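File shown: start_0.csv (CSV, C-alpha atoms).
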chain,number,residue,atom,x,y,z
L,131,MET,CA,0.0,0.0,0.0
L,132,LYS,CA,1.3,3.4,-0.9
L,133,LYS,CA,1.8,6.0,1.8
L,134,PRO,CA,-0.4,9.1,1.9
L,135,GLY,CA,1.0,12.3,0.4
L,136,LEU,CA,2.7,15.0,2.5
L,137,SER,CA,2.1,18.0,0.3
L,138,LEU,CA,1.0,20.3,3.1
L,139,VAL,CA,3.9,19.3,5.2
L,140,ALA,CA,6.2,19.9,2.3
L,141,TRP,CA,5.1,23.5,2.0
L,142,GLY,CA,6.0,24.1,5.6
L,143,VAL,CA,9.4,22.2,5.5
L,144,VAL,CA,10.5,24.2,2.4
L,145,LEU,CA,9.7,27.5,4.1
L,146,VAL,CA,11.5,26.6,7.3
L,147,LEU,CA,14.6,25.4,5.4
L,148,ALA,CA,14.8,28.5,3.2
L,149,THR,CA,13.8,31.3,5.6
L,150,SER,CA,17.1,31.1,7.5
L,151,CYS,CA,19.1,32.2,4.5
L,152,GLN,CA,16.7,34.2,2.5
L,153,ALA,CA,18.9,37.3,2.5
L,154,SER,CA,21.7,35.4,0.8
L,155,THR,CA,22.5,35.7,-2.9
L,156,HIS,CA,22.4,31.9,-3.0
L,157,VAL,CA,18.7,32.0,-2.3
L,158,SER,CA,16.0,32.6,-4.9
L,159,THR,CA,12.3,33.1,-4.2
L,160,LEU,CA,9.8,31.0,-6.1
L,161,TRP,CA,6.1,32.0,-6.6
L,162,THR,CA,3.7,29.1,-7.4
L,163,ASN,CA,0.2,27.8,-6.9
L,164,ILE,CA,1.1,24.3,-7.9
L,165,PRO,CA,1.1,22.0,-4.8
L,166,ASP,CA,3.4,19.4,-6.5
L,167,VAL,CA,6.2,22.0,-6.7
L,168,ALA,CA,6.6,22.0,-2.9
L,169,GLY,CA,8.0,18.5,-2.9
L,170,TYR,CA,10.4,19.2,-5.8
L,171,VAL,CA,11.7,22.3,-3.9
L,172,GLU,CA,12.1,20.3,-0.7
L,173,LYS,CA,14.1,17.7,-2.5
L,174,PHE,CA,16.3,20.2,-4.2
L,175,ASN,CA,17.1,22.1,-1.0
L,176,ALA,CA,17.9,18.8,0.8
L,177,GLU,CA,20.2,17.4,-1.8
L,178,GLN,CA,22.8,20.1,-1.8
L,179,ASN,CA,23.9,23.1,0.3
L,180,GLN,CA,25.0,25.6,-2.3
L,181,TRP,CA,21.6,26.9,-3.4
L,182,GLN,CA,18.2,27.3,-1.6
L,183,ILE,CA,14.7,28.0,-2.9
L,184,LEU,CA,12.3,30.0,-0.8
L,185,LEU,CA,8.8,29.0,-1.7
L,186,GLU,CA,5.9,31.4,-1.5
L,187,TYR,CA,2.4,30.4,-2.4
L,188,GLN,CA,0.6,33.0,-4.5
L,189,ALA,CA,-2.9,32.4,-5.8
L,190,HIS,CA,-2.4,34.3,-9.0
L,191,PRO,CA,1.3,34.5,-9.9
L,192,ALA,CA,0.7,35.7,-13.5
L,193,ARG,CA,-1.3,38.7,-12.4
L,194,LEU,CA,1.1,39.4,-9.5
L,195,LEU,CA,3.9,39.8,-12.1
L,196,LEU,CA,2.1,42.7,-13.6
L,197,THR,CA,1.6,44.6,-10.3
L,198,PRO,CA,4.1,47.1,-8.8
L,199,GLY,CA,6.5,45.8,-6.1
L,200,PRO,CA,9.3,43.3,-5.7
L,201,LYS,CA,9.1,40.2,-7.8
L,202,ALA,CA,10.1,36.6,-7.3
L,203,ASP,CA,13.2,35.1,-8.9
L,204,LEU,CA,11.2,32.2,-10.4
L,205,VAL,CA,7.6,31.6,-11.2
L,206,ILE,CA,5.9,28.2,-11.9
L,207,ALA,CA,2.2,28.4,-12.7
L,208,ARG,CA,-0.4,28.0,-15.4
L,209,GLY,CA,-1.5,31.0,-17.5
L,210,LEU,CA,1.9,32.5,-17.9
L,211,ASN,CA,2.0,32.3,-21.7
L,212,SER,CA,0.5,35.7,-22.7
L,213,LYS,CA,2.1,38.6,-24.4
L,214,GLU,CA,1.6,40.8,-21.3
L,215,VAL,CA,3.3,38.3,-18.9
L,216,ARG,CA,6.1,37.3,-21.4
L,217,SER,CA,7.2,40.9,-21.7
L,218,ASN,CA,8.2,40.7,-18.0
L,219,LEU,CA,10.3,37.6,-18.4
L,220,THR,CA,14.0,37.1,-19.2
L,221,SER,CA,15.7,34.5,-21.5
L,222,LEU,CA,16.1,30.9,-20.3
L,223,SER,CA,18.8,30.1,-22.8
L,224,PHE,CA,21.2,29.2,-20.0
L,225,LEU,CA,19.4,25.8,-19.8
L,226,PHE,CA,20.6,24.9,-23.3
L,227,ASP,CA,23.8,26.8,-23.3
L,228,ARG,CA,25.3,25.4,-20.1
L,229,GLY,CA,22.6,23.3,-18.4
L,230,GLY,CA,23.3,20.0,-20.1
L,231,ILE,CA,19.8,20.0,-21.6
L,232,THR,CA,18.9,20.0,-25.3
L,233,LYS,CA,15.9,21.4,-27.0
L,234,ALA,CA,15.4,18.0,-28.7
L,235,GLN,CA,14.4,16.5,-25.4
L,236,PHE,CA,11.2,18.6,-25.4
L,237,TYR,CA,8.1,18.5,-27.5
L,238,PRO,CA,9.1,20.9,-30.3
L,239,GLN,CA,5.8,22.8,-30.7
L,240,LEU,CA,5.3,23.0,-26.9
L,241,LEU,CA,8.8,24.5,-26.4
L,242,ALA,CA,8.2,26.9,-29.3
L,243,SER,CA,5.0,28.1,-27.8
L,244,GLY,CA,6.9,29.5,-24.8
L,245,SER,CA,9.6,31.1,-26.9
L,246,ASP,CA,10.1,34.4,-28.7
L,247,GLY,CA,11.7,33.2,-31.9
L,248,ASP,CA,14.8,31.2,-30.8
L,249,THR,CA,14.7,32.7,-27.3
L,250,PRO,CA,12.9,30.6,-24.7
L,251,LEU,CA,11.1,32.8,-22.2
L,252,LEU,CA,9.0,30.0,-20.6
L,253,ILE,CA,9.9,26.4,-20.1
L,254,PRO,CA,7.0,23.9,-19.9
L,255,LEU,CA,6.9,21.4,-17.0
L,256,SER,CA,3.8,19.5,-17.9
L,257,PHE,CA,0.7,19.3,-20.1
L,258,ASP,CA,-2.6,17.4,-20.2
L,259,LEU,CA,-4.6,15.9,-23.0
L,260,PRO,CA,-8.3,15.4,-23.6
L,261,ILE,CA,-9.6,11.8,-23.8
L,262,LEU,CA,-12.8,9.9,-24.4
L,263,VAL,CA,-13.4,7.1,-21.9
L,264,PHE,CA,-15.4,4.0,-22.6
L,265,ARG,CA,-16.0,0.5,-21.2
L,266,ARG,CA,-13.6,-2.2,-22.4
L,267,GLY,CA,-15.3,-4.3,-25.0
L,268,ALA,CA,-17.9,-1.7,-25.8
L,269,LEU,CA,-16.4,-0.8,-29.1
L,270,ASP,CA,-15.6,-3.0,-32.1
L,271,ASN,CA,-11.9,-3.0,-32.8
L,272,PRO,CA,-11.0,0.4,-31.3
L,273,ASP,CA,-7.4,0.3,-32.7
L,274,GLY,CA,-4.8,3.0,-32.5
L,275,LEU,CA,-4.5,6.0,-30.2
L,276,VAL,CA,-7.3,8.2,-31.4
L,277,LEU,CA,-11.0,8.3,-32.2
L,278,SER,CA,-12.2,10.4,-35.1
L,279,PHE,CA,-15.5,12.2,-34.8
L,280,SER,CA,-17.0,10.1,-37.6
L,281,ALA,CA,-16.0,7.0,-35.6
L,282,VAL,CA,-17.6,8.4,-32.4
L,283,GLN,CA,-20.8,9.2,-34.3
L,284,ALA,CA,-20.9,5.7,-35.9
L,285,TYR,CA,-20.3,3.9,-32.6
L,286,SER,CA,-22.9,6.2,-31.0
L,287,LYS,CA,-25.6,5.5,-33.6
L,288,LYS,CA,-25.2,1.8,-33.2
L,289,PHE,CA,-25.3,2.1,-29.4
L,290,ASP,CA,-28.5,4.3,-29.4
L,291,THR,CA,-30.4,2.2,-32.0
L,292,SER,CA,-29.7,-1.1,-30.1
L,293,ALA,CA,-30.9,0.0,-26.7
L,294,PRO,CA,-33.1,-2.6,-24.9
L,295,PRO,CA,-36.8,-1.6,-24.7
L,296,GLY,CA,-37.6,0.7,-21.8
L,297,PHE,CA,-33.9,1.3,-21.0
L,298,ASN,CA,-33.0,5.0,-21.2
L,299,ARG,CA,-29.5,5.4,-22.6
L,300,PHE,CA,-27.7,7.9,-24.8
L,301,ALA,CA,-24.3,7.3,-26.2
L,302,PHE,CA,-22.7,10.7,-26.2
L,303,SER,CA,-23.3,14.4,-27.0
L,304,PRO,CA,-20.5,16.9,-27.8
L,305,ARG,CA,-22.3,19.3,-25.5
L,306,TRP,CA,-21.3,17.2,-22.5
L,307,ASP,CA,-18.4,18.2,-20.2
L,308,ASN,CA,-17.4,21.1,-22.5
L,309,PHE,CA,-16.3,18.6,-25.1
L,310,ALA,CA,-17.5,21.0,-27.8
L,311,LEU,CA,-14.6,23.3,-27.2
L,312,THR,CA,-12.2,20.4,-27.5
L,313,ALA,CA,-14.0,19.4,-30.7
L,314,LEU,CA,-13.5,22.9,-32.2
L,315,GLU,CA,-9.8,22.7,-31.4
L,316,ALA,CA,-9.5,19.2,-32.8
L,317,GLU,CA,-11.0,20.6,-36.0
L,318,GLY,CA,-8.2,23.2,-36.2
L,319,VAL,CA,-9.9,26.2,-34.5
L,320,SER,CA,-7.1,28.1,-32.7
L,321,PHE,CA,-7.8,30.7,-30.0
L,322,GLY,CA,-4.9,33.0,-29.5
L,323,GLU,CA,-4.2,36.7,-29.0
L,324,ASP,CA,-3.9,39.6,-31.3
L,325,PHE,CA,-1.4,42.4,-31.4
L,326,ARG,CA,-3.3,44.1,-28.5
L,327,GLY,CA,-3.1,41.0,-26.4
L,328,ARG,CA,-6.9,40.4,-26.9
L,329,LEU,CA,-8.5,37.1,-27.8
L,330,SER,CA,-8.4,36.2,-31.5
L,331,TRP,CA,-9.5,33.4,-33.7
L,332,ASP,CA,-10.2,32.5,-37.4
L,333,GLN,CA,-13.8,33.4,-37.8
L,334,GLY,CA,-14.2,31.3,-41.0
L,335,ARG,CA,-12.8,28.2,-39.4
L,336,LEU,CA,-14.9,28.8,-36.3
L,337,ASN,CA,-18.1,29.1,-38.4
L,338,SER,CA,-17.4,25.9,-40.3
L,339,SER,CA,-16.6,23.9,-37.1
L,340,VAL,CA,-19.7,25.2,-35.3
L,341,THR,CA,-21.8,24.2,-38.2
L,342,SER,CA,-20.3,20.7,-38.2
L,343,LEU,CA,-21.1,20.3,-34.5
L,344,GLN,CA,-24.6,21.6,-35.0
L,345,THR,CA,-25.1,18.9,-37.7
L,346,TRP,CA,-23.7,16.3,-35.3
L,347,ILE,CA,-26.2,17.3,-32.6
L,348,GLN,CA,-29.1,17.4,-35.1
L,349,GLY,CA,-28.4,13.8,-36.0
L,350,LEU,CA,-28.8,12.8,-32.3
L,351,ASP,CA,-32.5,13.7,-31.9
L,352,PRO,CA,-32.0,17.0,-30.2
L,353,ALA,CA,-35.1,16.7,-28.0
L,354,ARG,CA,-34.0,13.4,-26.6
L,355,GLU,CA,-30.5,14.7,-26.1
L,356,LYS,CA,-31.7,17.7,-24.1
L,357,ASP,CA,-34.0,15.5,-22.0
L,358,PHE,CA,-31.3,12.9,-21.2
L,359,THR,CA,-28.8,15.6,-20.4
L,360,ARG,CA,-31.3,17.3,-18.1
L,361,LYS,CA,-32.1,14.0,-16.2
L,362,TYR,CA,-28.6,12.7,-15.8
L,363,GLN,CA,-26.3,15.8,-15.9
L,364,GLU,CA,-25.5,15.4,-12.2
L,365,SER,CA,-24.8,11.7,-12.4
L,366,ASN,CA,-21.3,10.2,-12.0
L,367,PRO,CA,-20.1,9.8,-15.6
L,368,LEU,CA,-18.0,6.7,-14.9
L,369,GLN,CA,-21.0,5.1,-13.2
L,370,MET,CA,-23.1,5.9,-16.3
L,371,LEU,CA,-20.5,4.1,-18.4
L,372,GLN,CA,-20.4,1.1,-16.2
L,373,GLU,CA,-24.3,0.9,-16.1
L,374,GLY,CA,-24.4,1.1,-19.9
L,375,ARG,CA,-26.3,4.3,-20.0
L,376,GLU,CA,-23.6,6.2,-21.9
L,377,LEU,CA,-21.0,4.9,-24.4
L,378,PHE,CA,-18.4,7.7,-24.0
L,379,THR,CA,-17.6,10.3,-21.4
L,380,ALA,CA,-15.1,13.1,-22.0
L,381,SER,CA,-12.3,13.7,-19.5
L,382,THR,CA,-8.6,14.5,-19.4
L,383,LEU,CA,-5.7,12.1,-19.0
L,384,ASN,CA,-4.7,13.7,-15.7
L,385,SER,CA,-8.3,13.4,-14.3
L,386,PHE,CA,-8.6,9.8,-15.4
L,387,LEU,CA,-5.2,8.6,-14.1
L,388,THR,CA,-5.6,10.3,-10.7
L,389,LEU,CA,-8.7,8.2,-10.1
L,390,PRO,CA,-8.2,5.2,-7.8
L,391,GLU,CA,-7.3,2.1,-9.8
L,392,TYR,CA,-10.6,0.3,-8.8
L,393,GLU,CA,-12.6,3.1,-10.4
L,394,ARG,CA,-10.7,2.8,-13.7
L,395,GLN,CA,-11.0,-1.0,-13.8
L,396,GLY,CA,-12.6,-2.2,-17.0
L,397,LEU,CA,-12.3,1.2,-18.7
L,398,GLU,CA,-10.2,2.3,-21.7
L,399,PHE,CA,-9.6,5.7,-23.4
L,400,ARG,CA,-8.6,7.2,-26.7
L,401,TYR,CA,-7.7,10.7,-27.7
L,402,PRO,CA,-10.1,12.8,-29.9
L,403,ASP,CA,-8.5,13.7,-33.2
L,404,ASP,CA,-10.4,14.8,-36.3
L,405,GLY,CA,-7.3,15.0,-38.6
L,406,GLN,CA,-5.7,18.1,-37.2
L,407,GLY,CA,-3.9,16.5,-34.2
L,408,ILE,CA,-4.7,15.9,-30.6
L,409,PRO,CA,-5.4,19.4,-29.0
L,410,ALA,CA,-3.6,19.7,-25.7
L,411,GLU,CA,-5.5,21.2,-22.8
L,412,ASP,CA,-4.9,24.8,-21.8
L,413,SER,CA,-3.6,23.8,-18.4
L,414,ILE,CA,0.1,23.8,-19.3
L,415,ILE,CA,2.4,24.5,-16.4
L,416,TRP,CA,5.2,26.9,-17.2
L,417,ALA,CA,8.4,28.1,-15.5
L,418,GLY,CA,9.8,31.6,-16.1
L,419,ILE,CA,12.3,34.0,-14.5
L,420,PRO,CA,11.1,37.6,-14.2
L,421,SER,CA,13.4,40.2,-15.8
L,422,SER,CA,13.5,42.1,-12.5
L,423,ALA,CA,14.7,39.0,-10.6
L,424,VAL,CA,17.6,40.1,-8.3
L,425,THR,CA,19.0,36.8,-7.1
L,426,ARG,CA,18.3,34.4,-9.9
L,427,ALA,CA,21.3,32.1,-9.6
L,428,ALA,CA,19.5,29.6,-7.4
L,429,ALA,CA,16.5,29.7,-9.6
L,430,GLN,CA,18.7,28.8,-12.6
L,431,ALA,CA,20.3,26.0,-10.6
L,432,PHE,CA,16.9,24.7,-9.7
L,433,LEU,CA,15.6,24.6,-13.2
L,434,THR,CA,18.9,23.0,-14.4
L,435,TRP,CA,18.5,20.3,-11.7
L,436,TYR,CA,14.8,19.7,-12.4
L,437,PHE,CA,15.2,18.9,-16.1
L,438,GLN,CA,18.0,16.4,-15.7
L,439,GLU,CA,16.7,12.9,-16.6
L,440,LYS,CA,17.9,11.5,-13.3
L,441,THR,CA,15.9,14.1,-11.4
L,442,GLN,CA,12.8,13.5,-13.5
L,443,LYS,CA,12.9,9.7,-12.9
L,444,GLU,CA,13.4,10.2,-9.2
L,445,LEU,CA,10.6,12.7,-8.9
L,446,ALA,CA,8.2,10.5,-10.9
L,447,LEU,CA,8.9,7.6,-8.7
L,448,GLU,CA,8.5,9.6,-5.5
L,449,THR,CA,5.2,11.1,-6.6
L,450,TYR,CA,3.9,7.7,-7.4
L,451,ALA,CA,5.1,6.2,-4.1
L,452,LYS,CA,3.6,9.0,-2.0
L,453,ASP,CA,0.2,8.5,-3.7
L,454,THR,CA,-0.5,12.2,-3.6
L,455,ARG,CA,-3.5,11.7,-5.9
L,456,GLY,CA,-1.4,13.3,-8.6
L,457,PHE,CA,-0.3,11.9,-11.9
L,458,GLY,CA,3.1,12.1,-13.5
L,459,LEU,CA,5.1,15.2,-12.9
L,460,ALA,CA,3.4,18.5,-12.1
L,461,SER,CA,0.0,16.9,-12.6
L,462,GLY,CA,0.3,15.8,-16.2
L,463,LEU,CA,2.4,14.3,-18.9
L,464,ASP,CA,6.0,15.5,-18.8
L,465,SER,CA,7.4,18.1,-21.1
L,466,LEU,CA,10.4,15.7,-21.8
L,467,ILE,CA,9.5,13.1,-24.4
L,468,LYS,CA,11.7,10.4,-23.0
L,469,VAL,CA,10.0,10.6,-19.6
L,470,ASN,CA,6.6,10.0,-21.1
L,471,ASP,CA,7.8,7.2,-23.4
L,472,GLN,CA,10.0,5.3,-20.9
L,473,VAL,CA,9.2,6.3,-17.3
L,474,LEU,CA,5.5,7.0,-16.8
L,475,PRO,CA,4.2,3.8,-18.6
L,476,ARG,CA,6.0,1.7,-16.0
L,477,LEU,CA,4.2,3.5,-13.2
L,478,TYR,CA,0.9,3.9,-14.9
L,479,PRO,CA,0.1,0.7,-17.0
L,480,ASP,CA,-2.9,2.4,-18.6
L,481,LEU,CA,-0.3,4.5,-20.5
L,482,THR,CA,1.4,1.5,-22.1
L,483,GLY,CA,1.1,2.0,-25.8
L,484,ARG,CA,-1.0,5.1,-25.2
L,485,VAL,CA,1.5,7.9,-25.3
L,486,PRO,CA,1.1,9.9,-28.5
L,487,PRO,CA,4.2,10.8,-30.5
L,488,PRO,CA,5.1,14.5,-30.8
L,489,SER,CA,3.8,14.6,-34.4
L,490,LEU,CA,0.2,13.8,-33.2
L,491,LEU,CA,0.0,16.7,-30.7
L,492,ARG,CA,-1.1,20.3,-31.1
L,493,PHE,CA,-0.4,22.8,-28.4
L,494,PRO,CA,-2.3,26.1,-27.9
L,495,PRO,CA,-0.6,29.3,-28.9
L,496,PRO,CA,0.0,32.1,-26.4
L,497,ARG,CA,-3.4,33.3,-25.1
L,498,PRO,CA,-4.5,36.5,-23.2
L,499,LEU,CA,-4.0,36.7,-19.5
L,500,GLU,CA,-7.8,36.7,-19.0
L,501,TRP,CA,-8.3,33.5,-21.1
L,502,ALA,CA,-9.6,31.4,-18.3
L,503,GLU,CA,-12.3,34.0,-17.5
L,504,LEU,CA,-13.2,34.6,-21.1
L,505,LYS,CA,-13.5,30.8,-21.7
L,506,GLN,CA,-15.9,30.3,-18.7
L,507,LYS,CA,-18.0,33.5,-19.0
L,508,VAL,CA,-18.1,34.1,-22.7
L,509,LEU,CA,-16.9,31.3,-25.0
L,510,LEU,CA,-18.5,28.2,-23.4
L,511,PRO,CA,-21.9,29.8,-22.9
L,512,TRP,CA,-21.8,31.2,-26.4
L,513,LEU,CA,-20.8,27.8,-27.8
L,514,ASN,CA,-23.5,25.9,-25.9
L,515,GLN,CA,-26.2,28.3,-27.0
L,516,SER,CA,-24.9,28.2,-30.6
L,517,LEU,CA,-25.1,24.4,-30.8
L,518,LEU,CA,-28.7,24.6,-29.7
L,519,GLY,CA,-29.5,27.3,-32.2
L,520,GLU,CA,-30.3,29.8,-29.4
L,521,HIS,CA,-27.7,32.4,-30.1
L,522,LYS,CA,-28.1,35.2,-32.7
L,523,GLN,CA,-24.9,37.2,-32.1
L,524,ASN,CA,-21.5,36.2,-33.3
L,525,LEU,CA,-18.8,35.5,-30.8
L,526,ASN,CA,-17.0,38.8,-31.5
L,527,ASP,CA,-20.0,40.7,-30.1
L,528,ASP,CA,-19.9,38.8,-26.9
L,529,VAL,CA,-16.2,39.1,-26.5
L,530,GLU,CA,-16.2,42.8,-27.1
L,531,HIS,CA,-19.0,43.3,-24.6
L,532,TRP,CA,-17.0,41.4,-22.0
L,533,TYR,CA,-14.0,43.6,-22.6
L,534,ARG,CA,-16.1,46.7,-22.3
L,535,GLU,CA,-17.7,45.5,-19.1
L,536,SER,CA,-14.3,44.4,-17.6
L,537,ALA,CA,-12.5,47.7,-18.4
L,538,PRO,CA,-11.4,49.7,-15.4
L,539,GLN,CA,-13.9,52.4,-14.6

Here is a file; write its structure as structure tokens.
Amino acid sequence: MKKPGLSLVAWGVVLVLATSCQASTHVSTLWTNIPDVAGYVEKFNAEQNQWQILLEYQAHPARLLLTPGPKADLVIARGLNSKEVRSNLTSLSFLFDRGGITKAQFYPQLLASGSDGDTPLLIPLSFDLPILVFRRGALDNPDGLVLSFSAVQAYSKKFDTSAPPGFNRFAFSPRWDNFALTALEAEGVSFGEDFRGRLSWDQGRLNSSVTSLQTWIQGLDPAREKDFTRKYQESNPLQMLQEGRELFTASTLNSFLTLPEYERQGLEFRYPDDGQGIPAEDSIIWAGIPSSAVTRAAAQAFLTWYFQEKTQKELALETYAKDTRGFGLASGLDSLIKVNDQVLPRLYPDLTGRVPPPSLLRFPPPRPLEWAELKQKVLLPWLNQSLLGEHKQNLNDDVEHWYRESAPQ
């Protein structure tokens, strides 16, 4: 039996270890809101006595970088990859110039997303992928790593038309679990930022993809889809799979693999891909060094240590052994290709033969600092209403309205 995690204890231990020498030039301050990082810092501080990291929890590190006042020497968080934040970061080229690390170790498009040309401003720690989960044996010959949308629709039609009399079941709807946004991205719709740092997208491609999803839903019997969704939207999706009421449920790799093994028993997954590549989730965890960092030497030493293959293997093993209800490194697939191919499948057998090659992956471009809020308050409601034919405005109207309402008075 694995031992329970000690993440809260780790935060305290790191602070105690570092506080005694925080005035030293051999100490760097790290801002993060990622719990896993506490254990990594604790290990780094304990393994050597030349450098120390002082850990500070900050709920919103990206926003804090844009406010007046002293800055950390290192930041590890989600949501750092925006023009506004990147303009406050310095080059991380030292990792490749003298850190014993090569760019070829990383997923090329992921590394490029955090770079300004050839200059890396952000280094990715981890990323997550969308998946479709189903019962083992529920699909005929589900070969390969991915499921196309045409395959999902064909399997769904067979499932729905063969339901036992009186048994209420519904295979899948792209409206469930915000899968529609994943579907847009899988069809090549890319949400990024324009020269002003505001949300941007290809309107023509968006229109085409929304029309495709509307056609998908129209083929499902919309009235029955709405009725089933209303009745069962609060139900446990995995239980619905096991009971045979649904054929697919949308999730992410991290969410699935952090479930207890007994809950995953008898279930499989594939990645959604409609010919444009598997679209990575927007929860990428990045590391960056602010331009105003005063004592960055320890921060540089920490990043150099962290990305060594030996360190990565040890951290993956320790995370698994502690059973912190986390998956992999920094709650996701690793940014280093070799760790995903050779280390993680040994710890998580569900990954055996299920790690996509770099050529199959698509990573999001830099997005506005307010992306998370825009997605929840504007994009997802607009998309859901559009799929039901209830929305008359185009997305740009809703986005511009949000920016006007959010502007400082």

How close does each residue of region 430-463 of chain L get to region 380-389 of chain L, giving the shortest atom pair and distance in Å to one decimal for every residue with an atom at most 8 Å away, counting only C-alpha atoms, sorted by chain and residue number, as a Markdown table?
| residue | atom | partner | partner_atom | distance |
| --- | --- | --- | --- | --- |
| L:Arg455 | CA | L:Thr388 | CA | 5.4 |
| L:Gly456 | CA | L:Thr388 | CA | 5.6 |
| L:Phe457 | CA | L:Thr388 | CA | 5.7 |
| L:Ser461 | CA | L:Asn384 | CA | 6.5 |
| L:Gly462 | CA | L:Asn384 | CA | 5.4 |
| L:Leu463 | CA | L:Asn384 | CA | 7.8 |

Legend entry - Shell around region 307-316 of chain L at 10 Å using all atoms listed in the file, local window under 5 positions removed, as a PyMOL selection string: chain L and resi 259-262+278-279+321+335-340+342-343+363+367+379-381+402-411+492-494+505+509-511+513-514+517

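In this comparison, which uses all atoms listed in the file, the residue of L:Ala293, L:Leu397, L:Leu194, L:Gln283 approaching Gln348 (chain L) most closely is L:Gln283.
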
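With all atoms listed in the file as the atoms that count, the residue of L:Phe226, L:Trp346, L:Phe432, L:Tyr401 with the shortest distance to Lys173 (chain L) is L:Phe432.
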
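All residues of protein, DNA or RNA that reach within 12 Å of Thr197 (chain L), judged by all atoms listed in the file and not counting those fewer than 4 positions away in the chain, are His190, Pro191, Ala192, Arg193, Lys201, Glu214, Val215 and Asn218 of chain L.
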
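All residues of protein, DNA or RNA that reach within 7 Å of Trp416 (chain L), judged by all atoms listed in the file and not counting those fewer than 6 positions away in the chain, are L:Ile206, L:Ala207, L:Arg208, L:Leu210, L:Leu252, L:Ile253, L:Pro254, L:Leu255.
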
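Of the residues under consideration (L:Asp290, L:Glu393, L:Glu323, L:Asp332), L:Asp290 shows the shortest atom-to-atom contact distance to Asp351 (chain L) when counting all atoms listed in the file.
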
Inset, instruction - Compile the contact shell of Pro498 (chain L) as a PyMOL selection string: residues with an atom at most 6 Å away, counting only C-alpha atoms, same-chain residues fewer than 2 positions apart removed. - result: chain L and resi 212+323+327-328+500-501

Inset, instruction - For each of L:Leu433, L:Val282, L:Ala460, L:Ala301, take the minimum atom-to-atom distance to Asn163 (chain L), counting all atoms listed in the file, then give the residue where this is smallest. - result: L:Ala460

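Note that CA of Lys507 (chain L) and CA of Glu535 (chain L) are 12.0 Å apart.
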
Inset, instruction - Mind checking which residues fall within 9 Å of Thr249 (chain L), counting only C-alpha atoms, ignoring those fewer than 3 positions away in the same chain, and posting them as a list in words? - result: Ser221, Leu222, Ser223, Ala242, Gly244, Ser245 and Asp246 of chain L

Could the residues in this selection be saved with C-alpha atoms as a PDB file, keeping the file's coordinate frame?
ATOM      1  CA  SER L 221      15.700  34.500 -21.500  1.00  0.00           C
ATOM      2  CA  LEU L 222      16.100  30.900 -20.300  1.00  0.00           C
ATOM      3  CA  SER L 223      18.800  30.100 -22.800  1.00  0.00           C
ATOM      4  CA  ALA L 242       8.200  26.900 -29.300  1.00  0.00           C
ATOM      5  CA  GLY L 244       6.900  29.500 -24.800  1.00  0.00           C
ATOM      6  CA  SER L 245       9.600  31.100 -26.900  1.00  0.00           C
ATOM      7  CA  ASP L 246      10.100  34.400 -28.700  1.00  0.00           C
TER       8      ASP L 246
END

Using the partial input, fill out region 477-487 of chain L with N, CA and C atoms; write the result as a PDB file, in the coordinates of the input.
ATOM      1  N   LEU L 477       4.959   3.163 -14.419  1.00  0.00           N
ATOM      2  CA  LEU L 477       4.200   3.500 -13.200  1.00  0.00           C
ATOM      3  C   LEU L 477       2.729   3.439 -13.393  1.00  0.00           C
ATOM      4  N   TYR L 478       2.292   3.792 -14.597  1.00  0.00           N
ATOM      5  CA  TYR L 478       0.900   3.900 -14.900  1.00  0.00           C
ATOM      6  C   TYR L 478       0.607   2.956 -16.120  1.00  0.00           C
ATOM      7  N   PRO L 479       0.293   1.679 -15.881  1.00  0.00           N
ATOM      8  CA  PRO L 479       0.100   0.700 -17.000  1.00  0.00           C
ATOM      9  C   PRO L 479      -0.903   1.139 -18.026  1.00  0.00           C
ATOM     10  N   ASP L 480      -1.891   1.969 -17.635  1.00  0.00           N
ATOM     11  CA  ASP L 480      -2.900   2.400 -18.600  1.00  0.00           C
ATOM     12  C   ASP L 480      -2.236   3.240 -19.731  1.00  0.00           C
ATOM     13  N   LEU L 481      -1.018   3.719 -19.503  1.00  0.00           N
ATOM     14  CA  LEU L 481      -0.300   4.500 -20.500  1.00  0.00           C
ATOM     15  C   LEU L 481       0.464   3.643 -21.503  1.00  0.00           C
ATOM     16  N   THR L 482       0.599   2.367 -21.218  1.00  0.00           N
ATOM     17  CA  THR L 482       1.400   1.500 -22.100  1.00  0.00           C
ATOM     18  C   THR L 482       0.778   1.475 -23.492  1.00  0.00           C
ATOM     19  N   GLY L 483       1.567   1.880 -24.457  1.00  0.00           N
ATOM     20  CA  GLY L 483       1.100   2.000 -25.800  1.00  0.00           C
ATOM     21  C   GLY L 483       0.109   3.092 -26.072  1.00  0.00           C
ATOM     22  N   ARG L 484      -0.017   4.013 -25.130  1.00  0.00           N
ATOM     23  CA  ARG L 484      -1.000   5.100 -25.200  1.00  0.00           C
ATOM     24  C   ARG L 484      -0.389   6.478 -25.110  1.00  0.00           C
ATOM     25  N   VAL L 485       0.903   6.607 -25.302  1.00  0.00           N
ATOM     26  CA  VAL L 485       1.500   7.900 -25.300  1.00  0.00           C
ATOM     27  C   VAL L 485       1.706   8.399 -26.723  1.00  0.00           C
ATOM     28  N   PRO L 486       1.027   9.470 -27.106  1.00  0.00           N
ATOM     29  CA  PRO L 486       1.100   9.900 -28.500  1.00  0.00           C
ATOM     30  C   PRO L 486       2.486  10.453 -28.855  1.00  0.00           C
ATOM     31  N   PRO L 487       2.924  10.235 -30.081  1.00  0.00           N
ATOM     32  CA  PRO L 487       4.200  10.800 -30.500  1.00  0.00           C
ATOM     33  C   PRO L 487       4.039  12.326 -30.704  1.00  0.00           C
TER      34      PRO L 487
END
